[in-house]
Amino acid sequence: NAQKKRYRYGEVLAGAKILARRLGPILADERMVGVWLPPTVGGAITNITLAFLGKTSVNLNYTPVGQTFLSAPEQTEMSAPPVIGCCSA
């Protein structure tokens with residue numbers, strides 16, 4: 001976290017539960033979900049959310065482009081999409 005803010009367990013739990021309510025219907029049929037986020041609080045909350053939903057999170061390195069990134073679904077047997085992520089570094 002760039003702001004160096006500390007989050008309490010309850011705050012992280014609440015964020016993950018709220019995100020789970022939003023993502024649950026979208027990811028209902030998915031077993032594995034790609035996570036294309038930097039290693040921040042948001043990425044951690046996303047991984048916790050996916051665990052709540054019973055999904056396997058596939059954390060993708062958000063810096064490479066091209067074949068390295070595009071081959072991830074094939075290597076992990078996840079469908080492409082869904083990927084939860086960002087577009088700017």
# chains A, B, ... in the order shown; residues from 1 in each chain; ligands from 1
>>> residues_around(residues="region 46-54 of chain A", least_positions_apart="4", cutoff="8 Å", atoms="only C-alpha atoms", output="MDAnalysis selection string")
chainID A and resid 16:17 19:20 24 31 33 35 42
